[in-house]
Protein chains: 2
Amino acid sequence: MREKSQPQRARRGGREKLLDASFVLIREKGYSATSVDELCAQAGVTKGAFFHHFQSKDALAVAALDRWSELSRVFFESAPYHEHGDPLDRILAYLDFRKALLKGEVAQFSCLAGTMVQEAYETHAGIREAADASISGHAAMLEADIAAAMKLNGVRASWSAPSLALHFQAVLQGAFILAKAKGGPEVAVASVDHLRRYIELLFKVGTGRKRRVTGLQGLRADT
Amino acid sequence: MREKSQPQRARRGGREKLLDASFVLIREKGYSATSVDELCAQAGVTKGAFFHHFQSKDALAVAALDRWSELSRVFFESAPYHEHGDPLDRILAYLDFRKALLKGEVAQFSCLAGTMVQEAYETHAGIREAADASISGHAAMLEADIAAAMKLNGVRASWSAPSLALHFQAVLQGAFILAKAKGGPEVAVASVDHLRRYIELLFKVGTGRKRRVTGLQGLRADT
DNA sequence: GACCACATACCGACTAGTCGGTATGTTACC
DNA sequence: GGTAACATACCGACTAGTCGGTATGTGGTC
């Protein structure tokens, strides 16, 4: 018979540990370059545990993205920038908050969804969908504040709240890529600064609030 | 004058064909997921040829990025938007040109450097450097026009030409990611539109040209 | 212009190791 | 004693990279 070595099944949550491990490793090395064995080693579980909890490596990826969406929803919903009463102030404070997160190692502040969709968009439909849901879901959260700010400020613009919310995500995702290329967060901070300035110009901050906003020549409301 | 150029005993380089193959496959599936065998099959050469021309898969990656930089330099240098005499017009026409390129399959308009750096920034120093050189080199090209436009318009701003040039790249890279997530170029076009509007607001296009530009709050009169 | 030394540009079988995934056991707790 | 939660051993496919070989060209020497 065998020894008891370390069976302890009740270490609780091999599944969670695998998900956490995927956050670390995939953001560091990408999805394809991260092997199941590495995931297991990082999580401190065996391969048997991995395939007990997930049908395949791809299934883990989708589960990781779903969990990522949920965690980031909770994280941002409970962030202090919501305290501002004015929706435009909330938007600007959101950007300041994002900027404040750009500290330390790139792998720690970059986005799992953006990283994964880059590799998987053509070849793994499920991953693409889960990543899209994550990014678009986050944008939808912003969209409410943007729409409110537009309404409150009587904005009639050639751009729409959804398109601006997605533009926020584009800038952030692009900022992560530049940070990876340059090996540090400074360039990402600078880019978010430009985005913030864009918002200030769109809503004419600093020249008297409650003002009309223009697009190209301020007409219509969509895109 | 001797015409040594290429030995070309084998009608136009297996090397070039491998580089071209890498443009296609790596943008489609990512770097790690693209195998040497696939690269060879796509290029129509054998594995022997691959390792005759490149020391390793990583060496091909670096060579591909160098070639990518060179091709894109030539491509953008000979693009029609340079015809504009005014630097600000050139910048806006550059953005229109980039927008016009956002057609068809995502793999065909996305950026090799942005794709690769995402996977390799932590684990492959040479690839990170080559990708940074590609992105930063392209930004440097823009920087000249931005600086000229600032000078010509008497701009005194809280932002710099280099940071704005890099912000252009951030928006484009982010736009590619969103296009991958959503499965089409429309969202990318919308994001470049937002960037164009930012430039128009920064340089106050449409309210009388040759005007000053503001950062956070406008300063000084001129011209 | 015959000969030779050397170089370039492959070819494709082979290898050692890694990959995602499976099959079967073991344990703890209801 | 059934079942969830693992562990261990293993598999075949695939991986990057190697190596001995060949076909063709090039430059120098006589």
# chains A, B, ... in the order shown; residues from 1 in each chain; ligands from 1
call {"tool": "interface_residues", "arguments": {"of": "chain A", "to": "chain B", "cutoff": "8 Å", "atoms": "only C-alpha atoms", "output": "tab-separated table (two decimals) with C-alpha atoms, in the first residue's frame"}}
result
chain	number	residue	atom	x	y	z
A	28	GLU	CA	3.51	36.81	-18.53
A	29	LYS	CA	4.09	34.41	-21.40
A	30	GLY	CA	0.94	34.32	-23.46
A	32	SER	CA	0.13	29.14	-26.26
A	33	ALA	CA	3.48	29.35	-24.51
A	114	GLY	CA	-6.45	41.64	-24.39
A	115	THR	CA	-3.50	39.30	-24.14
A	117	VAL	CA	-7.63	37.54	-27.78
A	118	GLN	CA	-4.51	38.53	-29.65
A	119	GLU	CA	-3.41	34.91	-29.94
A	120	ALA	CA	-6.75	33.21	-30.12
A	121	TYR	CA	-9.11	35.37	-32.15
A	122	GLU	CA	-8.78	33.35	-35.34
A	123	THR	CA	-8.25	29.90	-33.98
A	128	ARG	CA	-12.48	35.20	-28.60
A	129	GLU	CA	-16.05	35.40	-27.39
A	131	ALA	CA	-12.48	37.99	-24.23
A	132	ASP	CA	-14.90	40.15	-26.16
A	163	SER	CA	-18.07	54.24	-29.20
A	164	LEU	CA	-16.30	56.46	-26.68
A	166	LEU	CA	-14.81	51.31	-26.48
A	167	HIS	CA	-12.23	53.93	-27.36
A	169	GLN	CA	-10.58	50.30	-23.90
A	170	ALA	CA	-8.62	50.69	-27.11
A	171	VAL	CA	-6.35	53.26	-25.52
A	172	LEU	CA	-5.82	51.09	-22.46
A	173	GLN	CA	-5.12	47.94	-24.46
A	174	GLY	CA	-2.74	49.86	-26.70
A	175	ALA	CA	-1.07	51.39	-23.67
A	177	ILE	CA	1.24	46.90	-25.59
A	178	LEU	CA	3.50	49.95	-25.59
A	180	LYS	CA	5.36	45.73	-22.96
A	181	ALA	CA	7.44	47.00	-25.87
A	182	LYS	CA	9.22	49.59	-23.76
A	183	GLY	CA	9.51	47.51	-20.64
A	187	VAL	CA	4.50	55.26	-21.78
A	190	ALA	CA	1.34	59.20	-20.94
A	191	SER	CA	-1.23	57.68	-23.24
A	194	HIS	CA	-3.80	62.03	-23.67
A	197	ARG	CA	-7.14	65.47	-22.19
A	198	TYR	CA	-9.42	64.33	-25.01
A	200	GLU	CA	-11.60	67.37	-21.10
A	201	LEU	CA	-11.66	68.91	-24.56
A	202	LEU	CA	-14.80	67.04	-25.58
A	206	GLY	CA	-12.32	74.40	-17.34
A	215	GLY	CA	-17.98	66.61	-32.28
A	216	LEU	CA	-16.70	67.81	-35.59
A	223	THR	CA	-21.93	56.44	-34.59
call {"tool": "calpha_fit_rmsd", "arguments": {"fixed": "chain A", "moving": "chain B"}}
result
5.6 Å
call {"tool": "closest_residue", "arguments": {"among": "B:Leu18, B:Ala49, B:Val24, B:Leu60", "to": "chain C", "atoms": "only C-alpha atoms (C1' of nucleotides)"}}
result
B:Ala49
call {"tool": "closest_atom_pairs", "arguments": {"of": "chain D", "to": "region 14-22 of chain C", "cutoff": "9 Å", "atoms": "only C-alpha atoms (C1' of nucleotides)", "output": "CSV"}}
result
residue,atom,partner,partner_atom,distance
D:DC10,C1',C:DT22,C1',8.5
D:DC11,C1',C:DT22,C1',7.9
D:DA13,C1',C:DC19,C1',8.2
D:DC14,C1',C:DC19,C1',7.1
D:DT15,C1',C:DT18,C1',6.9
D:DT18,C1',C:DT15,C1',8.0
D:DC19,C1',C:DC14,C1',8.6
call {"tool": "write_last_selection", "arguments": {"atoms": "C-alpha atoms (C1' of nucleotides)", "output": "tab-separated table (two decimals), in the first residue's frame"}}
result
chain	number	residue	atom	x	y	z
D	10	DC	C1'	1.52	6.94	-19.31
D	11	DC	C1'	0.47	7.78	-24.57
D	13	DA	C1'	1.42	13.49	-31.68
D	14	DC	C1'	4.10	17.09	-32.29
D	15	DT	C1'	8.18	20.28	-31.28
D	18	DT	C1'	20.59	18.42	-36.07
D	19	DC	C1'	23.19	16.25	-39.45
call {"tool": "atom_distance", "arguments": {"atom1": "CA of Ala21 (chain B)", "atom2": "CA of Phe75 (chain B)"}}
result
18.8 Å
call {"tool": "select_by_dssp", "arguments": {"residues": "region 69-119 of chain B", "states": "alpha helix (DSSP H)", "output": "PyMOL selection string"}}
result
chain B and resi 69-77+87-101+106-109+112-119
call {"tool": "write_last_selection", "arguments": {"atoms": "C-alpha atoms", "output": "PDB file, in the first residue's frame"}}
result
ATOM      1  CA  SER B  69      10.028  47.765 -39.951  1.00  0.00           C
ATOM      2  CA  GLU B  70      11.765  48.325 -43.252  1.00  0.00           C
ATOM      3  CA  LEU B  71       8.750  47.461 -45.405  1.00  0.00           C
ATOM      4  CA  SER B  72       6.424  49.623 -43.373  1.00  0.00           C
ATOM      5  CA  ARG B  73       8.883  52.521 -43.469  1.00  0.00           C
ATOM      6  CA  VAL B  74       8.981  52.348 -47.265  1.00  0.00           C
ATOM      7  CA  PHE B  75       5.220  51.874 -47.455  1.00  0.00           C
ATOM      8  CA  PHE B  76       4.369  54.893 -45.323  1.00  0.00           C
ATOM      9  CA  GLU B  77       7.094  57.079 -46.757  1.00  0.00           C
ATOM     10  CA  PRO B  87       2.170  69.388 -41.345  1.00  0.00           C
ATOM     11  CA  LEU B  88      -1.161  69.367 -39.507  1.00  0.00           C
ATOM     12  CA  ASP B  89      -2.911  68.408 -42.731  1.00  0.00           C
ATOM     13  CA  ARG B  90      -0.343  65.643 -43.108  1.00  0.00           C
ATOM     14  CA  ILE B  91      -1.123  64.334 -39.654  1.00  0.00           C
ATOM     15  CA  LEU B  92      -4.857  64.285 -40.294  1.00  0.00           C
ATOM     16  CA  ALA B  93      -4.316  62.699 -43.697  1.00  0.00           C
ATOM     17  CA  TYR B  94      -2.119  60.081 -42.048  1.00  0.00           C
ATOM     18  CA  LEU B  95      -5.019  59.145 -39.800  1.00  0.00           C
ATOM     19  CA  ASP B  96      -7.387  58.996 -42.764  1.00  0.00           C
ATOM     20  CA  PHE B  97      -4.854  56.793 -44.516  1.00  0.00           C
ATOM     21  CA  ARG B  98      -4.634  54.461 -41.532  1.00  0.00           C
ATOM     22  CA  LYS B  99      -8.403  54.320 -41.420  1.00  0.00           C
ATOM     23  CA  ALA B 100      -8.570  53.403 -45.094  1.00  0.00           C
ATOM     24  CA  LEU B 101      -6.266  50.459 -44.400  1.00  0.00           C
ATOM     25  CA  VAL B 106      -8.033  41.543 -39.244  1.00  0.00           C
ATOM     26  CA  ALA B 107      -4.909  39.439 -39.812  1.00  0.00           C
ATOM     27  CA  GLN B 108      -4.191  41.476 -42.905  1.00  0.00           C
ATOM     28  CA  PHE B 109      -4.189  44.937 -41.384  1.00  0.00           C
ATOM     29  CA  LEU B 112       3.262  42.098 -36.523  1.00  0.00           C
ATOM     30  CA  ALA B 113       5.224  43.966 -33.877  1.00  0.00           C
ATOM     31  CA  GLY B 114       2.223  44.522 -31.628  1.00  0.00           C
ATOM     32  CA  THR B 115       1.195  40.907 -31.958  1.00  0.00           C
ATOM     33  CA  MET B 116       4.619  39.518 -31.172  1.00  0.00           C
ATOM     34  CA  VAL B 117       5.602  41.793 -28.321  1.00  0.00           C
ATOM     35  CA  GLN B 118       2.496  40.735 -26.447  1.00  0.00           C
ATOM     36  CA  GLU B 119       3.734  37.147 -26.268  1.00  0.00           C
TER      37      GLU B 119
END
call {"tool": "interface_residues", "arguments": {"of": "chain B", "to": "chain D", "cutoff": "8 Å", "atoms": "only C-alpha atoms (C1' of nucleotides)", "output": "PyMOL selection string"}}
result
chain B and resi 9+35-36+56-57
call {"tool": "atom_distance", "arguments": {"atom1": "CA of His84 (chain B)", "atom2": "CA of Glu186 (chain B)"}}
result
26.8 Å
call {"tool": "interface_residues", "arguments": {"of": "chain C", "to": "chain B", "cutoff": "12 Å", "atoms": "only C-alpha atoms (C1' of nucleotides)", "output": "NGL selection string"}}
result
:C and (7-13 or 19)
call {"tool": "write_last_selection", "arguments": {"atoms": "N, CA and C atoms (P, O5', C5', C4', C3', O3' and C1' of nucleotides)", "output": "PDB file, in the first residue's frame"}}
result
ATOM      1  P    DA C   7      35.022  28.163 -47.941  1.00  0.00           P
ATOM      2  O5'  DA C   7      33.724  28.649 -48.720  1.00  0.00           O
ATOM      3  C5'  DA C   7      33.810  29.738 -49.638  1.00  0.00           C
ATOM      4  C4'  DA C   7      32.449  29.959 -50.268  1.00  0.00           C
ATOM      5  C3'  DA C   7      31.298  29.915 -49.254  1.00  0.00           C
ATOM      6  O3'  DA C   7      30.420  30.992 -49.522  1.00  0.00           O
ATOM      7  C1'  DA C   7      30.907  28.346 -50.992  1.00  0.00           C
ATOM      8  P    DT C   8      29.373  31.458 -48.452  1.00  0.00           P
ATOM      9  O5'  DT C   8      27.994  31.291 -49.223  1.00  0.00           O
ATOM     10  C5'  DT C   8      27.910  31.590 -50.613  1.00  0.00           C
ATOM     11  C4'  DT C   8      26.725  30.870 -51.203  1.00  0.00           C
ATOM     12  C3'  DT C   8      25.485  30.845 -50.301  1.00  0.00           C
ATOM     13  O3'  DT C   8      24.422  31.369 -51.074  1.00  0.00           O
ATOM     14  C1'  DT C   8      25.944  28.678 -51.145  1.00  0.00           C
ATOM     15  P    DA C   9      22.982  31.678 -50.378  1.00  0.00           P
ATOM     16  O5'  DA C   9      22.152  30.388 -50.769  1.00  0.00           O
ATOM     17  C5'  DA C   9      21.955  30.044 -52.139  1.00  0.00           C
ATOM     18  C4'  DA C   9      21.246  28.706 -52.212  1.00  0.00           C
ATOM     19  C3'  DA C   9      20.089  28.581 -51.204  1.00  0.00           C
ATOM     20  O3'  DA C   9      18.965  27.998 -51.845  1.00  0.00           O
ATOM     21  C1'  DA C   9      21.528  26.770 -50.975  1.00  0.00           C
ATOM     22  P    DC C  10      17.481  28.271 -51.194  1.00  0.00           P
ATOM     23  O5'  DC C  10      17.474  27.377 -49.851  1.00  0.00           O
ATOM     24  C5'  DC C  10      16.716  26.166 -49.735  1.00  0.00           C
ATOM     25  C4'  DC C  10      17.407  25.023 -50.454  1.00  0.00           C
ATOM     26  C3'  DC C  10      16.788  23.680 -50.121  1.00  0.00           C
ATOM     27  O3'  DC C  10      15.859  23.353 -51.145  1.00  0.00           O
ATOM     28  C1'  DC C  10      19.195  23.595 -50.085  1.00  0.00           C
ATOM     29  P    DC C  11      14.497  22.653 -50.701  1.00  0.00           P
ATOM     30  O5'  DC C  11      14.936  21.170 -50.351  1.00  0.00           O
ATOM     31  C5'  DC C  11      15.492  20.332 -51.363  1.00  0.00           C
ATOM     32  C4'  DC C  11      15.961  19.059 -50.718  1.00  0.00           C
ATOM     33  C3'  DC C  11      14.901  18.368 -49.860  1.00  0.00           C
ATOM     34  O3'  DC C  11      14.600  17.110 -50.435  1.00  0.00           O
ATOM     35  C1'  DC C  11      17.027  18.439 -48.773  1.00  0.00           C
ATOM     36  P    DG C  12      13.124  16.503 -50.296  1.00  0.00           P
ATOM     37  O5'  DG C  12      13.268  15.579 -49.010  1.00  0.00           O
ATOM     38  C5'  DG C  12      14.284  14.590 -48.970  1.00  0.00           C
ATOM     39  C4'  DG C  12      14.504  14.114 -47.553  1.00  0.00           C
ATOM     40  C3'  DG C  12      13.226  13.971 -46.706  1.00  0.00           C
ATOM     41  O3'  DG C  12      13.414  12.840 -45.867  1.00  0.00           O
ATOM     42  C1'  DG C  12      14.730  15.287 -45.581  1.00  0.00           C
ATOM     43  P    DA C  13      12.361  11.646 -45.818  1.00  0.00           P
ATOM     44  O5'  DA C  13      13.128  10.566 -44.916  1.00  0.00           O
ATOM     45  C5'  DA C  13      14.442  10.165 -45.278  1.00  0.00           C
ATOM     46  C4'  DA C  13      15.350  10.115 -44.055  1.00  0.00           C
ATOM     47  C3'  DA C  13      14.727   9.442 -42.827  1.00  0.00           C
ATOM     48  O3'  DA C  13      15.738   8.670 -42.196  1.00  0.00           O
ATOM     49  C1'  DA C  13      15.412  11.619 -42.246  1.00  0.00           C
ATOM     50  P    DC C  19       6.108  21.775 -22.562  1.00  0.00           P
ATOM     51  O5'  DC C  19       4.797  21.303 -23.319  1.00  0.00           O
ATOM     52  C5'  DC C  19       4.654  21.653 -24.706  1.00  0.00           C
ATOM     53  C4'  DC C  19       3.433  20.983 -25.294  1.00  0.00           C
ATOM     54  C3'  DC C  19       2.285  20.800 -24.305  1.00  0.00           C
ATOM     55  O3'  DC C  19       1.444  21.949 -24.391  1.00  0.00           O
ATOM     56  C1'  DC C  19       2.686  18.776 -25.557  1.00  0.00           C
TER      57       DC C  19
END
